[in-house]
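K.L.:
Structure file upload23.cif (mmCIF, C-alpha atoms) is given on the next line.
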```
data_model
loop_
_atom_site.label_atom_id
_atom_site.label_comp_id
_atom_site.auth_asym_id
_atom_site.auth_seq_id
_atom_site.Cartn_x
_atom_site.Cartn_y
_atom_site.Cartn_z
CA MET A 1 0.00 0.00 0.00
CA SER A 2 1.44 3.37 -0.97
CA GLY A 3 0.91 6.74 0.65
CA SER A 4 0.35 7.50 4.31
CA ILE A 5 -2.51 7.06 6.77
CA LYS A 6 -2.94 9.76 9.36
CA ASN A 7 -5.79 8.55 11.60
CA TRP A 8 -6.67 5.34 13.40
CA GLN A 9 -10.01 4.94 11.58
CA SER A 10 -8.16 4.66 8.27
CA VAL A 11 -5.71 2.16 9.74
CA GLN A 12 -8.65 0.14 11.05
CA ALA A 13 -10.34 0.21 7.64
CA GLU A 14 -7.19 -1.10 5.92
CA VAL A 15 -6.68 -3.85 8.51
CA LEU A 16 -10.33 -4.88 8.07
CA ARG A 17 -9.87 -4.93 4.29
CA ARG A 18 -6.92 -7.30 4.61
CA ILE A 19 -8.82 -9.58 6.99
CA HIS A 20 -11.92 -9.70 4.81
CA ALA A 21 -9.86 -10.24 1.63
CA ARG A 22 -8.02 -13.11 3.40
CA ILE A 23 -4.69 -11.37 2.86
CA TRP A 24 -4.41 -12.01 6.58
CA ARG A 25 -6.15 -15.32 7.14
CA PRO A 26 -7.83 -16.53 10.38
CA GLY A 27 -5.16 -17.51 12.89
CA ALA A 28 -2.36 -15.75 10.99
CA GLN A 29 0.00 -13.43 12.83
CA ILE A 30 -0.03 -9.89 11.46
CA PRO A 31 2.96 -7.51 11.33
CA ASN A 32 3.88 -5.79 14.57
CA GLU A 33 2.84 -2.23 15.38
CA ALA A 34 6.21 -0.71 14.49
CA ASP A 35 6.25 -2.34 11.04
CA LEU A 36 2.64 -1.33 10.35
CA ALA A 37 3.32 2.24 11.45
CA ALA A 38 6.30 2.41 9.07
CA GLU A 39 4.22 0.94 6.22
CA PHE A 40 1.28 3.27 6.78
CA GLY A 41 3.42 6.35 7.47
CA CYS A 42 1.75 7.09 10.80
CA ALA A 43 2.54 7.04 14.51
CA ARG A 44 2.72 3.72 16.31
CA ALA A 45 0.05 4.99 18.73
CA THR A 46 -2.31 5.37 15.77
CA VAL A 47 -1.82 1.71 14.85
CA ASN A 48 -2.22 0.66 18.47
CA ARG A 49 -5.58 2.44 18.73
CA ALA A 50 -6.88 0.74 15.59
CA LEU A 51 -5.71 -2.75 16.59
CA ARG A 52 -7.03 -2.33 20.12
CA ASN A 53 -10.44 -1.38 18.77
CA LEU A 54 -10.54 -4.43 16.47
CA ALA A 55 -9.46 -6.67 19.33
CA GLU A 56 -12.29 -5.35 21.48
CA ALA A 57 -14.65 -6.14 18.60
CA GLY A 58 -13.39 -9.74 18.61
CA LEU A 59 -11.63 -9.65 15.21
CA LEU A 60 -8.05 -9.76 16.49
CA ASP A 61 -6.42 -11.79 19.23
CA ARG A 62 -3.73 -9.72 20.96
CA ARG A 63 -1.39 -11.40 23.44
CA ARG A 64 1.49 -9.79 25.26
CA LYS A 65 4.87 -10.96 23.90
CA ALA A 66 3.08 -13.23 21.40
CA GLY A 67 1.97 -10.57 18.96
CA THR A 68 -1.39 -10.08 17.25
CA ARG A 69 -3.25 -12.70 15.24
CA VAL A 70 -6.44 -12.66 13.23
CA ALA A 71 -9.08 -14.33 15.40
CA LEU A 72 -9.84 -17.91 14.40
CA GLN A 73 -13.47 -17.48 15.36
CA PRO A 74 -14.39 -13.79 15.37
CA VAL A 75 -16.85 -12.96 18.10
CA ALA A 76 -20.08 -11.40 16.88
CA LYS A 77 -21.29 -8.96 19.51
CA ALA A 78 -24.96 -8.11 19.71
CA THR A 79 -25.88 -4.51 20.38
CA LEU A 80 -28.95 -3.84 22.49
CA ASP A 81 -30.00 -0.33 23.37
CA ILE A 82 -31.80 0.34 26.65
CA PRO A 83 -35.32 0.98 25.37
CA VAL A 84 -37.74 3.61 26.62
CA ILE A 85 -40.74 1.35 27.10
CA ARG A 86 -43.16 4.19 26.33
CA LEU A 87 -41.53 4.69 22.92
CA GLU A 88 -41.45 0.94 22.39
CA VAL A 89 -45.21 0.72 22.90
CA GLU A 90 -45.94 3.79 20.80
CA GLY A 91 -43.69 2.40 18.05
CA ARG A 92 -46.05 -0.57 17.85
CA GLY A 93 -48.90 1.84 17.12
CA GLN A 94 -50.45 1.40 20.57
CA ARG A 95 -51.44 3.88 23.26
CA TYR A 96 -49.04 3.87 26.19
CA GLY A 97 -50.09 3.84 29.83
CA TYR A 98 -48.19 3.66 33.11
CA ARG A 99 -49.16 2.75 36.66
CA LEU A 100 -46.94 2.96 39.75
CA MET A 101 -47.82 0.03 42.00
CA ALA A 102 -45.32 0.39 44.86
CA ARG A 103 -42.61 2.78 46.04
CA GLU A 104 -40.36 2.44 49.08
CA ALA A 105 -36.94 3.79 50.10
CA GLY A 106 -34.63 2.08 52.55
CA PRO A 107 -31.95 -0.61 52.89
CA PRO A 108 -32.46 -3.26 50.19
CA PRO A 109 -32.60 -7.00 50.96
CA PRO A 110 -29.18 -8.66 51.30
CA GLU A 111 -29.22 -10.27 47.84
CA ILE A 112 -30.08 -6.94 46.17
CA ALA A 113 -27.51 -5.05 48.26
CA ALA A 114 -24.81 -7.56 47.29
CA ALA A 115 -25.64 -7.34 43.59
CA MET A 116 -25.60 -3.52 43.69
CA GLY A 117 -22.59 -3.13 45.99
CA ILE A 118 -24.60 -1.30 48.66
CA ASP A 119 -23.44 -1.68 52.26
CA ALA A 120 -25.73 -2.20 55.24
CA ALA A 121 -26.06 1.55 55.82
CA GLY A 122 -26.84 2.32 52.20
CA ALA A 123 -30.27 3.10 50.81
CA ALA A 124 -32.08 2.26 47.61
CA LEU A 125 -35.42 3.19 46.13
CA HIS A 126 -37.65 0.27 45.20
CA LEU A 127 -40.21 0.82 42.45
CA VAL A 128 -42.77 -1.60 41.07
CA ALA A 129 -44.65 -0.34 38.04
CA LEU A 130 -46.84 -1.63 35.24
CA HIS A 131 -46.51 -0.49 31.63
CA LEU A 132 -49.64 -0.68 29.50
CA ALA A 133 -50.36 -0.92 25.78
CA ASP A 134 -53.89 0.10 24.76
CA GLU A 135 -54.81 -0.27 28.45
CA ASP A 136 -53.66 -3.90 28.49
CA PRO A 137 -50.68 -5.01 30.64
CA TYR A 138 -47.46 -4.92 28.62
CA ALA A 139 -44.53 -5.19 31.06
CA LEU A 140 -44.00 -5.36 34.81
CA GLU A 141 -41.00 -3.33 36.01
CA ASP A 142 -39.38 -4.19 39.36
CA ARG A 143 -36.54 -1.71 39.90
CA TRP A 144 -34.00 -0.76 42.59
CA ILE A 145 -32.21 2.60 42.29
CA ASN A 146 -29.00 3.26 44.22
CA LEU A 147 -29.70 6.49 46.12
CA GLY A 148 -26.01 6.85 46.91
CA VAL A 149 -25.40 7.26 43.17
CA VAL A 150 -28.65 8.97 42.14
CA PRO A 151 -29.90 10.89 45.21
CA ALA A 152 -32.33 12.94 43.11
CA ALA A 153 -34.36 9.78 42.53
CA ARG A 154 -35.65 9.94 46.11
CA ASN A 155 -38.05 12.77 45.25
CA ALA A 156 -38.56 12.12 41.53
CA PRO A 157 -42.21 12.01 40.34
CA PHE A 158 -42.39 8.28 39.63
CA ASP A 159 -46.16 8.39 39.86
CA GLU A 160 -46.01 10.35 36.59
CA ILE A 161 -42.94 8.93 34.82
CA SER A 162 -41.40 5.46 34.91
CA GLY A 163 -38.04 4.74 36.47
CA ASN A 164 -37.01 3.46 33.05
CA GLU A 165 -37.60 6.81 31.36
CA TRP A 166 -36.55 9.07 34.25
CA LEU A 167 -33.16 7.40 34.69
CA LEU A 168 -32.33 7.56 30.99
CA ALA A 169 -32.97 11.31 31.13
CA HIS A 170 -31.30 12.09 34.47
CA ALA A 171 -28.66 9.49 35.39
CA PRO A 172 -25.54 8.93 33.25
CA TYR A 173 -24.29 5.38 32.81
CA THR A 174 -21.17 3.85 31.28
CA HIS A 175 -22.03 0.19 30.82
CA GLY A 176 -24.40 -2.57 31.81
CA GLU A 177 -24.98 -6.28 32.14
CA ILE A 178 -28.11 -7.86 30.69
CA GLY A 179 -29.54 -11.33 31.19
CA PHE A 180 -32.50 -12.95 29.45
CA SER A 181 -34.60 -15.82 30.70
CA ALA A 182 -37.93 -17.55 30.40
CA VAL A 183 -39.80 -18.11 33.64
CA ILE A 184 -43.07 -19.59 34.76
CA ALA A 185 -45.24 -16.72 35.97
CA ASP A 186 -45.65 -16.46 39.72
CA ALA A 187 -48.81 -15.20 41.42
CA ALA A 188 -47.67 -11.55 41.36
CA ALA A 189 -46.88 -11.63 37.63
CA ILE A 190 -50.14 -13.42 36.81
CA ALA A 191 -52.10 -10.78 38.69
CA ALA A 192 -50.20 -7.80 37.23
CA LEU A 193 -50.00 -9.03 33.64
CA ALA A 194 -53.43 -10.68 33.61
CA CYS A 195 -51.96 -13.80 32.04
CA PRO A 196 -53.14 -17.42 32.32
CA ASP A 197 -51.83 -19.75 34.98
CA PRO A 198 -49.45 -21.26 34.02
CA SER A 199 -47.72 -18.90 31.58
CA ALA A 200 -44.15 -18.74 30.27
CA LEU A 201 -42.90 -15.16 30.44
CA PHE A 202 -39.90 -13.38 28.91
CA VAL A 203 -37.74 -11.71 31.58
CA LEU A 204 -34.96 -9.14 31.19
CA ASP A 205 -32.60 -8.58 34.15
CA ARG A 206 -30.24 -5.62 33.92
CA LEU A 207 -27.55 -4.04 36.09
CA THR A 208 -26.43 -0.59 34.96
CA TRP A 209 -23.18 1.04 36.11
CA ASP A 210 -21.71 4.51 36.13
CA GLN A 211 -18.02 3.64 36.09
CA THR A 212 -17.58 1.35 39.14
CA ARG A 213 -20.89 2.05 40.89
CA VAL A 214 -24.22 0.40 40.15
CA VAL A 215 -26.92 2.91 39.23
CA THR A 216 -29.88 0.57 39.09
CA LYS A 217 -30.95 -3.06 39.09
CA VAL A 218 -34.14 -3.90 37.25
CA ARG A 219 -36.20 -6.92 36.28
CA ILE A 220 -38.69 -6.36 33.47
CA THR A 221 -41.21 -9.12 32.92
CA TYR A 222 -43.13 -9.08 29.65
CA GLY A 223 -46.47 -10.67 28.93
CA PRO A 224 -46.85 -13.94 26.99
CA GLY A 225 -45.67 -13.87 23.38
CA HIS A 226 -43.26 -10.94 23.74
CA GLU A 227 -40.43 -10.81 21.17
CA MET A 228 -37.17 -8.88 21.21
CA THR A 229 -34.73 -8.32 18.35
CA THR A 230 -31.18 -6.99 18.27
CA ALA A 231 -28.38 -6.42 15.74
CA LEU A 232 -24.97 -8.01 15.24
#
```
In structure tokens, write the structure found in this file.

P.N.:
Amino acid sequence: MSGSIKNWQSVQAEVLRRIHARIWRPGAQIPNEADLAAEFGCARATVNRALRNLAEAGLLDRRRKAGTRVALQPVAKATLDIPVIRLEVEGRGQRYGYRLMAREAGPPPPEIAAAMGIDAAGAALHLVALHLADEDPYALEDRWINLGVVPAARNAPFDEISGNEWLLAHAPYTHGEIGFSAVIADAAAIAALACPDPSALFVLDRLTWDQTRVVTKVRITYGPGHEMTTAL
């Protein structure tokens, strides 16, 4: 390749081209950063940024003292945005409704405190709310908010706006952990979602962090037949 590359995005694009064209085949070791920087006519730091980004995407396998190889089995990472349930319902062409069912502040149960990293003296706000679509139950939201991280949540108007929507507007977050499961509805879910007994329900469990501190822990239980899609 002739000429010079001045930014890491261009380096990344060229590395991707070589991987996709099988110039660098799966499992093959690629040239080191110094050699690539000399070839591309750019700083070594520019190459490092590009390779690091591709490694985080699962396309390269970087090992200290062993160099960088094209991943044998590139990892496809799914991207899932945190949805505003109101917009999700309205996007289906349905009328959205919201009902706060319970609200209480205080020390969370031990298992919740452990998951959120809250000590015995810490406080959390517990919200239970029902989201509606055309006046029918759509999703049951059971949420804990860390008041040590988001103190403004203590007096937020959750009788008017869901914790889901309020937090996205008022509490920054850096990353999260999401789990999906299918569960047999318990008595509380059957009553809230007006579903048959027994029913298999789709459940989303999410922990959301701001750097090293947990902002919120939520379980959202959807009614029977709910589907969710994402992108690779």

K.L.:
Just checking: using only C-alpha atoms, which residue out of A:Val218, A:Leu132, A:Leu60, A:Ile118 ends up closest to A:Gln94?

P.N.:
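Smallest separation from A:Gln94 among the options: A:Leu132.
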
K.L.:
Might you pull out every residue within 12 Å of A:Leu193, with all atoms listed in the file counted and same-chain residues fewer than 3 positions away left off, and present them as a VMD selection string?

P.N.:
chain A and resid 129 to 133 135 to 141 185 to 190 196 to 197 199 to 202 220 to 224

K.L.:
Within 12 Å of A:Arg18, counting all atoms listed in the file, which residues show up once you throw out same-chain ones fewer than 6 positions away? Write them as a list in words, please.

P.N.:
Met1, Val11, Gln12, Trp24, Arg25, Pro26, Ala28, Ile30, Pro31, Leu59 and Val70 of chain A

K.L.:
To verify the selection step, state as a PDB file with C-alpha atoms, in the frame of the given file which residues the PyMOL selection byres ((chain A and resi 142-151) around 8) yields on this input.

P.N.:
```
ATOM      1  CA  MET A 116     -25.600  -3.520  43.690  1.00  0.00           C
ATOM      2  CA  ILE A 118     -24.600  -1.300  48.660  1.00  0.00           C
ATOM      3  CA  GLY A 122     -26.840   2.320  52.200  1.00  0.00           C
ATOM      4  CA  ALA A 123     -30.270   3.100  50.810  1.00  0.00           C
ATOM      5  CA  ALA A 124     -32.080   2.260  47.610  1.00  0.00           C
ATOM      6  CA  LEU A 125     -35.420   3.190  46.130  1.00  0.00           C
ATOM      7  CA  HIS A 126     -37.650   0.270  45.200  1.00  0.00           C
ATOM      8  CA  LEU A 127     -40.210   0.820  42.450  1.00  0.00           C
ATOM      9  CA  VAL A 128     -42.770  -1.600  41.070  1.00  0.00           C
ATOM     10  CA  ALA A 129     -44.650  -0.340  38.040  1.00  0.00           C
ATOM     11  CA  LEU A 140     -44.000  -5.360  34.810  1.00  0.00           C
ATOM     12  CA  GLU A 141     -41.000  -3.330  36.010  1.00  0.00           C
ATOM     13  CA  ALA A 152     -32.330  12.940  43.110  1.00  0.00           C
ATOM     14  CA  ALA A 153     -34.360   9.780  42.530  1.00  0.00           C
ATOM     15  CA  ARG A 154     -35.650   9.940  46.110  1.00  0.00           C
ATOM     16  CA  GLY A 163     -38.040   4.740  36.470  1.00  0.00           C
ATOM     17  CA  ALA A 171     -28.660   9.490  35.390  1.00  0.00           C
ATOM     18  CA  ARG A 213     -20.890   2.050  40.890  1.00  0.00           C
ATOM     19  CA  VAL A 214     -24.220   0.400  40.150  1.00  0.00           C
ATOM     20  CA  VAL A 215     -26.920   2.910  39.230  1.00  0.00           C
ATOM     21  CA  THR A 216     -29.880   0.570  39.090  1.00  0.00           C
ATOM     22  CA  LYS A 217     -30.950  -3.060  39.090  1.00  0.00           C
ATOM     23  CA  VAL A 218     -34.140  -3.900  37.250  1.00  0.00           C
ATOM     24  CA  ARG A 219     -36.200  -6.920  36.280  1.00  0.00           C
ATOM     25  CA  ILE A 220     -38.690  -6.360  33.470  1.00  0.00           C
TER      26      ILE A 220
END
```

K.L.:
Could you pull the residues within 9 Å of A:Asp134, counting all atoms listed in the file, minus those fewer than 6 positions along the same chain, as JSON, numbers by chain?

P.N.:
{"A": [89, 94, 95, 96, 97]}

K.L.:
Grab the atom CA of A:Glu160 to atom CA of A:Cys195 distance for me, in Å with one decimal place.

P.N.:
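Atom CA of A:Glu160 sits 25.3 Å away from atom CA of A:Cys195.
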
K.L.:
Expand the PyMOL selection byres ((chain A and resi 174) around 12) into the explicit residue set it covers here, and present it as a ChimeraX atom specification.

P.N.:
/A:168,171-173,175-177,207-215

K.L.:
If I take atom CA of A:Thr68 and atom CA of A:Leu16, how far is one from the other in Å, to one decimal?

P.N.:
13.8 Å

K.L.:
For atom CA of A:Ile184 and atom CA of A:Val203, determine how far apart the two atoms are, in Å to one decimal place.

P.N.:
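Answer for the atom CA of A:Ile184 to atom CA of A:Val203 separation: 10.0 Å.
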
K.L.:
Pick the closest to A:Asp35 from A:Ala66, A:Met101, A:Ala194, A:Val47: which is it, counting all atoms listed in the file?

P.N.:
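Closest to A:Asp35, using all atoms listed in the file: A:Val47.
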
K.L.:
Would you kindly translate the PyMOL selection byres ((chain A and resi 6) around 12) into the concrete residues it picks from this file, as an MDAnalysis selection string?

P.N.:
chainID A and resid 3:5 7:12 37:47 50

K.L.:
Using all atoms listed in the file, which protein or nucleic acid residues come within 12 Å of A:Met228? Drop anything in the same chain fewer than 5 positions from it, and give the result as a PyMOL selection string.

P.N.:
chain A and resi 80-83+88+180+202-204+222

K.L.:
Smallest atom-to-atom distance to A:Arg99: which of A:Ala182, A:Ala120, A:Ile161, A:Ala71, using all atoms listed in the file?

P.N.:
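Between A:Ala182, A:Ala120, A:Ile161, A:Ala71, the residue approaching A:Arg99 most closely is A:Ile161.
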
K.L.:
Let me make sure I understand: among A:Ser181, A:Asn164, A:Gly58, A:His226, which one has the smallest atom-to-atom distance to A:Leu100 if we use all atoms listed in the file?

P.N.:
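Of A:Ser181, A:Asn164, A:Gly58, A:His226, the one nearest A:Leu100 is A:Asn164, counting all atoms listed in the file.
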